[in-house]
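This report refers to the structure that appears directly beneath it.
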Amino acid sequence: MTSADLVLPPTDQQTPTAALLQAPEAQPLDRAIGDMSLLLEQHGHVIAVCPTGTSPAHERRLHAIRSVLESDRIALLKVDLPPLGVAVLVRQLRQLSICDFSPGVVASAARLLTHYIHAGALLNSVARLDRVPVSLKTHARSWVPGATFAVLAGPGPQLVRIGPGVEPPAGPSYASHLLIAKGQLTSDWVRETLAPAWGVQAVQESALPSGSPQWWGTGKLVEFVSFLPDISVIYQLVSSVRREKCHWCGMELIGDRCGFCSSPLVPPEKRMRLVGALTQGAPAPPGS
């Protein structure tokens with residue numbers, strides 16, 4: 001993980017913690033390479049989650065480490081979720097890491113799980129929000145004193161100005177828990193209105209990640225995430241997806257892209273043509 005405050009406490013005694021991959025200004029390159037080498041030696045593979053808010057220098061550092069080590073056992077996952085949503089996703093991947101899935105399946109499961117993470121925030125202004133589409137009319141309304149907005153960034157963008165008789169953003173249609181992280185906005189709307197509307201089974205609180213004010217464009221916010229809390233449900237969800245083998249690096253994957261080398265899954269018809277092209281005219285094996 002690229003930030004310590006994105007590592008949520010485990011939900012049980014079995015869930016492992018996450019290793020912190022330090023930023024360039026916090027650790028020299030040789031030590032970062034040594035730490036990554038040790039992680040590979042201890043665990044075999046490393047899945048590094050890189051949120052879209054990660055600095056370009058930090059992201060380049062991760063790619064440089066993988067290049068220096070010449071390792072195909074390091075997955076760099078670019079995740080386009082708000083900070084609290086990233087933290088929830090990382091904890092789910094930590095839970096999956098001790099199940100009987102291969103590293104490739106765990107890495108590619110990240111894209112699947114983001115569809116089941118409803119990540120949003122209650123904001124006092126959307127004037128500086130550039131992560132979610134905002135109309136000019138809504139921008140203008142955000143300057144009205146006392147205006148409050150419920151914004152959903154994923155799995156699909158939604159924006160609602162809070163007011164009497166206004167429905168909250170559409171939420172999950174399945175059993176979920178809600179995690180709340182309060183910033184400088186004093187409001188119980190998320191707990192008292194959104195949680196019942198979404199029918200969540202439990203509400204928990206966490207510290208606000210340090211990157212949240214920048215991501216949402218304001219420090220006056222309450223960030224929230226609904227998620228699948230039960231590892232058995234997550235396990236069944238991942239297990240239900242057909243597993244394939246990456247044609248480039250050989251890792252197992254689910255979905256349409258390899259989590260380790262980012263190669264797209266080759267469609268079956270193209271695979272057949274490729275195999276035919278490679279075998280046509282090939283010399284017979286020795287001893288035939």
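In the structure tokens, the first chain shown is A, the next is B, and so on; residue numbers restart at 1 for each chain, and ligands run from 1 in the order shown.
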
(request) Could you find all residues in range 9-242 of chain A that DSSP calls alpha helix (DSSP H) from the backbone, and write them as an NGL selection string? (result) :A and (29-43 or 56-69 or 83-96 or 103-113 or 136-141 or 189 or 195-198 or 212-216 or 231-239)

(message) Which residues are near Leu113 in chain A? Cut-off 12 Å, only C-alpha atoms, ignore same chain within fewer than 2 positions. Put them as a ChimeraX atom specification.
(response) /A:79,81,85-86,88-93,96,105-111,115-118,154-155,226-229,231,233-238,241,254-255

All residues 9 Å or closer to Trp248 in chain A, only C-alpha atoms, same chain fewer than 6 positions away omitted, as a PDB file with C-alpha atoms, in the first residue's frame:
```pdb
ATOM      1  CA  CYS A 258      -4.265  -9.753 -16.168  1.00  0.00           C
ATOM      2  CA  CYS A 261       1.159  -7.706 -16.602  1.00  0.00           C
ATOM      3  CA  SER A 263      -2.364  -7.787 -20.803  1.00  0.00           C
TER       4      SER A 263
END
```

(request) Take CA of Gly217 in chain A and CA of Leu129 in chain A and report the distance between them in Å, one decimal. (result) 4.9 Å

Which residues of range 72-189 of chain A sit at most 10 Å from range 200-210 of chain A, using only C-alpha atoms? Give each one's shortest atom pair and distance in Å (one decimal place), in chain and ascending residue order, as a tab-separated table.
```
residue	atom	partner	partner_atom	distance
A:Pro82	CA	A:Pro209	CA	9.6
A:Pro83	CA	A:Pro209	CA	6.3
A:Leu84	CA	A:Pro209	CA	6.6
A:Ala87	CA	A:Pro209	CA	8.7
A:Gly171	CA	A:Val200	CA	9.6
A:Pro172	CA	A:Val200	CA	8.8
A:Ser173	CA	A:Val200	CA	9.9
A:Tyr174	CA	A:Val200	CA	8.7
A:Ala175	CA	A:Val200	CA	6.4
A:Ser176	CA	A:Val200	CA	5.2
A:His177	CA	A:Ala202	CA	5.0
A:Leu178	CA	A:Val203	CA	4.8
A:Leu179	CA	A:Gln204	CA	4.8
A:Ile180	CA	A:Glu205	CA	4.7
A:Ala181	CA	A:Leu208	CA	4.7
A:Lys182	CA	A:Leu208	CA	5.9
A:Gly183	CA	A:Leu208	CA	6.2
A:Gln184	CA	A:Leu208	CA	9.9
```

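Closest to Lys78 in chain A among A:Cys99, A:Ile162, A:Val49, A:Leu6 is A:Val49, based on only C-alpha atoms.
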
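When only C-alpha atoms are used to compute distances to Asp35 in chain A, the closest of the residues A:Ile47, A:Ala127, A:Ile65, A:Ala57 turns out to be A:Ile65.
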
(request) Select, from A:Gly199, A:Pro133, A:Gly120, A:Pro168, the residue with the minimum atom-to-atom distance to Ser212 in chain A, counting only C-alpha atoms. (result) A:Gly120
